[in-house]
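Enquirer: Pasting a structure here, questions to come.
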Amino acid sequence: MSLTDLPALNATLNAVSALLICAGLVLIKQGRRDAHRNAMLGAVTSSTLFLASYLYYHFHAGTTRFQGTGIARTVYFTILGTHTVLAAAVPLLVAISVILALRGRFDRHRAWARWTAPIWLYVSVTGIAVYVMLYHLYPSA
């Protein structure tokens, strides 16, 4: 795998995370705690792999400039801005939620997870949107 393959891998890992988060939410609503735990730990794993790959890529490749103009530029930077701010919070939110669940503090876990899950899902989905806009809709020459 070359460095140029990593953005697609990162988008794929974001998609896997999003799907596992959604599955985890469905599973807990069905009362399937073990399956929920497994889905969410899978989401943690895919998000961790994403973060490692993302950091490696940007350490070696630097910044990729957005080439779109007009409204596309406004949409891109709006998505990127909200994505970036919320992405900074995700590791802490996920860590707190996971630690509370593993300690059996399900009342507190549930309270934190009500915030963590939608933010984490938003970050995963907007990560895919940023990838599509940056590398497919408006790629650099």
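So you can find residues: chains in the structure tokens are A, B, ... in the order shown, residues in each start at 1, and ligands are numbered from 1 in order.
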Give the alpha helix (DSSP H) residues of chain A, as DSSP finds them on the backbone, and put them as a PyMOL selection string.

Expert: chain A and resi 6-29+33-61+71-102+106-132

Enquirer: When you look at region 15-29 of chain A with a cut-off of 12 Å (counting only C-alpha atoms), what residues show up, excluding the ones that are within fewer than 3 positions of it in the same chain? I need them as a CSV table (one decimal) with N, CA, C and O atoms, in the first residue's frame.

Expert:
chain,number,residue,atom,x,y,z
A,8,ALA,N,-8.1,6.9,0.8
A,8,ALA,CA,-9.2,5.9,0.6
A,8,ALA,C,-9.4,5.0,1.7
A,8,ALA,O,-10.5,4.7,2.2
A,9,LEU,N,-8.3,4.5,2.3
A,9,LEU,CA,-8.3,3.6,3.4
A,9,LEU,C,-9.0,4.4,4.6
A,9,LEU,O,-9.8,3.8,5.3
A,10,ASN,N,-8.6,5.6,4.8
A,10,ASN,CA,-9.1,6.4,5.9
A,10,ASN,C,-10.6,6.6,5.8
A,10,ASN,O,-11.4,6.5,6.7
A,11,ALA,N,-11.1,6.8,4.6
A,11,ALA,CA,-12.5,7.0,4.3
A,11,ALA,C,-13.2,5.7,4.6
A,11,ALA,O,-14.3,5.6,5.2
A,12,THR,N,-12.6,4.6,4.2
A,12,THR,CA,-13.2,3.2,4.4
A,12,THR,C,-13.3,3.0,5.9
A,12,THR,O,-14.3,2.5,6.4
A,32,ARG,N,-29.6,-6.1,23.3
A,32,ARG,CA,-28.6,-7.1,23.0
A,32,ARG,C,-27.2,-6.5,23.5
A,32,ARG,O,-26.4,-6.0,22.6
A,33,ARG,N,-27.0,-6.5,24.8
A,33,ARG,CA,-25.8,-5.8,25.3
A,33,ARG,C,-24.5,-6.4,24.8
A,33,ARG,O,-23.6,-5.6,24.5
A,34,ASP,N,-24.3,-7.7,24.8
A,34,ASP,CA,-23.1,-8.2,24.3
A,34,ASP,C,-22.8,-7.9,22.9
A,34,ASP,O,-21.6,-7.5,22.5
A,35,ALA,N,-23.8,-8.0,22.0
A,35,ALA,CA,-23.6,-7.6,20.6
A,35,ALA,C,-23.3,-6.1,20.5
A,35,ALA,O,-22.5,-5.7,19.7
A,36,HIS,N,-24.0,-5.3,21.3
A,36,HIS,CA,-23.7,-3.8,21.3
A,36,HIS,C,-22.3,-3.6,21.7
A,36,HIS,O,-21.6,-2.8,21.0
A,37,ARG,N,-21.8,-4.2,22.8
A,37,ARG,CA,-20.4,-4.0,23.2
A,37,ARG,C,-19.5,-4.4,22.1
A,37,ARG,O,-18.5,-3.6,21.8
A,38,ASN,N,-19.7,-5.5,21.4
A,38,ASN,CA,-18.8,-5.9,20.4
A,38,ASN,C,-18.8,-4.9,19.2
A,38,ASN,O,-17.8,-4.6,18.6
A,39,ALA,N,-20.0,-4.4,18.8
A,39,ALA,CA,-20.1,-3.5,17.7
A,39,ALA,C,-19.3,-2.2,18.1
A,39,ALA,O,-18.6,-1.6,17.3
A,40,MET,N,-19.5,-1.7,19.3
A,40,MET,CA,-18.9,-0.5,19.8
A,40,MET,C,-17.4,-0.6,19.9
A,40,MET,O,-16.6,0.3,19.6
A,41,LEU,N,-16.9,-1.8,20.4
A,41,LEU,CA,-15.5,-2.0,20.5
A,41,LEU,C,-14.9,-2.1,19.1
A,41,LEU,O,-13.8,-1.7,18.8
A,42,GLY,N,-15.7,-2.6,18.1
A,42,GLY,CA,-15.2,-2.6,16.7
A,42,GLY,C,-15.1,-1.2,16.2
A,42,GLY,O,-14.2,-0.9,15.5
A,43,ALA,N,-16.1,-0.4,16.6
A,43,ALA,CA,-16.0,1.0,16.1
A,43,ALA,C,-14.8,1.7,16.7
A,43,ALA,O,-14.2,2.5,16.1
A,44,VAL,N,-14.5,1.4,18.0
A,44,VAL,CA,-13.3,2.0,18.6
A,44,VAL,C,-12.1,1.6,17.9
A,44,VAL,O,-11.2,2.4,17.6
A,45,THR,N,-12.0,0.3,17.5
A,45,THR,CA,-10.9,-0.2,16.8
A,45,THR,C,-10.7,0.4,15.4
A,45,THR,O,-9.6,0.9,15.1
A,46,SER,N,-11.8,0.5,14.7
A,46,SER,CA,-11.7,1.1,13.3
A,46,SER,C,-11.4,2.6,13.4
A,46,SER,O,-10.6,3.1,12.6
A,47,SER,N,-11.9,3.3,14.4
A,47,SER,CA,-11.6,4.7,14.6
A,47,SER,C,-10.1,4.9,15.0
A,47,SER,O,-9.5,5.9,14.6
A,48,THR,N,-9.6,4.0,15.8
A,48,THR,CA,-8.2,4.1,16.2
A,48,THR,C,-7.3,3.8,15.1
A,48,THR,O,-6.3,4.5,14.9
A,49,LEU,N,-7.6,2.8,14.2
A,49,LEU,CA,-6.8,2.6,13.0
A,49,LEU,C,-6.9,3.8,12.1
A,49,LEU,O,-5.9,4.1,11.5
A,50,PHE,N,-8.1,4.4,12.0
A,50,PHE,CA,-8.2,5.6,11.1
A,50,PHE,C,-7.3,6.6,11.6
A,50,PHE,O,-6.5,7.3,10.9
A,51,LEU,N,-7.3,6.9,12.9
A,51,LEU,CA,-6.5,8.0,13.5
A,51,LEU,C,-5.0,7.8,13.2
A,51,LEU,O,-4.3,8.7,12.8
A,94,VAL,N,-15.3,9.2,23.6
A,94,VAL,CA,-15.3,7.8,23.5
A,94,VAL,C,-14.6,7.1,24.7
A,94,VAL,O,-15.1,6.1,25.2
A,106,PHE,N,-23.4,1.8,34.0
A,106,PHE,CA,-24.3,1.9,32.9
A,106,PHE,C,-25.1,3.2,32.9
A,106,PHE,O,-25.5,3.7,31.8
A,110,ARG,N,-24.7,5.6,29.8
A,110,ARG,CA,-25.8,6.0,29.0
A,110,ARG,C,-25.9,7.5,28.8
A,110,ARG,O,-26.1,8.0,27.7
A,113,ALA,N,-23.0,8.5,26.6
A,113,ALA,CA,-23.1,7.9,25.2
A,113,ALA,C,-24.2,8.7,24.4
A,113,ALA,O,-24.1,8.7,23.2
A,114,ARG,N,-25.2,9.3,25.1
A,114,ARG,CA,-26.2,10.1,24.4
A,114,ARG,C,-25.5,11.3,23.6
A,114,ARG,O,-26.1,11.8,22.7
A,116,THR,N,-21.9,11.2,23.0
A,116,THR,CA,-20.8,10.6,22.3
A,116,THR,C,-21.2,10.0,20.9
A,116,THR,O,-20.6,10.3,19.9
A,117,ALA,N,-22.3,9.2,20.9
A,117,ALA,CA,-22.6,8.5,19.7
A,117,ALA,C,-23.0,9.4,18.6
A,117,ALA,O,-22.4,9.2,17.5
A,118,PRO,N,-23.8,10.4,18.7
A,118,PRO,CA,-24.1,11.3,17.6
A,118,PRO,C,-23.0,12.1,17.1
A,118,PRO,O,-22.8,12.3,15.9
A,119,ILE,N,-22.1,12.6,18.1
A,119,ILE,CA,-21.0,13.4,17.7
A,119,ILE,C,-20.0,12.5,16.9
A,119,ILE,O,-19.5,12.8,15.9
A,120,TRP,N,-19.7,11.3,17.4
A,120,TRP,CA,-18.8,10.3,16.8
A,120,TRP,C,-19.3,9.9,15.4
A,120,TRP,O,-18.6,9.9,14.4
A,121,LEU,N,-20.6,9.7,15.3
A,121,LEU,CA,-21.2,9.3,14.0
A,121,LEU,C,-21.1,10.5,13.0
A,121,LEU,O,-20.7,10.3,11.9
A,122,TYR,N,-21.4,11.7,13.5
A,122,TYR,CA,-21.2,12.9,12.6
A,122,TYR,C,-19.8,13.0,12.1
A,122,TYR,O,-19.6,13.3,10.9
A,123,VAL,N,-18.8,12.9,13.0
A,123,VAL,CA,-17.4,13.0,12.6
A,123,VAL,C,-17.0,11.9,11.6
A,123,VAL,O,-16.3,12.2,10.6
A,124,SER,N,-17.5,10.7,11.8
A,124,SER,CA,-17.2,9.6,10.8
A,124,SER,C,-17.8,9.9,9.5
A,124,SER,O,-17.2,9.8,8.5
A,125,VAL,N,-19.1,10.3,9.4
A,125,VAL,CA,-19.8,10.6,8.2
A,125,VAL,C,-19.2,11.8,7.5
A,125,VAL,O,-18.9,11.8,6.3
A,126,THR,N,-18.9,12.9,8.2
A,126,THR,CA,-18.3,14.1,7.6
A,126,THR,C,-16.9,13.9,7.2
A,126,THR,O,-16.4,14.5,6.2
A,127,GLY,N,-16.2,12.9,7.8
A,127,GLY,CA,-14.9,12.5,7.3
A,127,GLY,C,-14.9,12.0,5.9
A,127,GLY,O,-14.1,12.2,5.1
A,128,ILE,N,-16.0,11.2,5.7
A,128,ILE,CA,-16.2,10.6,4.3
A,128,ILE,C,-16.5,11.7,3.4
A,128,ILE,O,-16.0,11.8,2.2
A,129,ALA,N,-17.4,12.6,3.8
A,129,ALA,CA,-17.7,13.8,2.9
A,129,ALA,C,-16.5,14.6,2.5
A,129,ALA,O,-16.3,15.0,1.4
A,131,TYR,N,-13.4,13.6,2.4
A,131,TYR,CA,-12.6,12.8,1.5
A,131,TYR,C,-13.2,12.9,0.1
A,131,TYR,O,-12.4,13.1,-0.9

Enquirer: Go ahead and compute the interatomic distance for CA of Thr64 (chain A) and CA of Ala95 (chain A), in Å to one decimal.

Expert: 29.4 Å

Enquirer: Find the residues around region 134-138 of chain A up to 12 Å (only C-alpha atoms counted), leave out those fewer than 4 positions away in its own chain, and share them as a list of chain:residue names.

Expert: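 Everything that qualifies: A:Thr4, A:Asp5, A:Leu6, A:Pro7, A:Ala8, A:Ala11, A:Thr63, A:Thr64, A:Arg65, A:Phe66, A:Gln67, A:Gly68, A:Thr69, A:Ala72, A:Arg73, A:Val75, A:Tyr76, A:Phe77, A:Ile79, A:Leu80, A:Thr126, A:Gly127, A:Ile128, A:Ala129, A:Val130.
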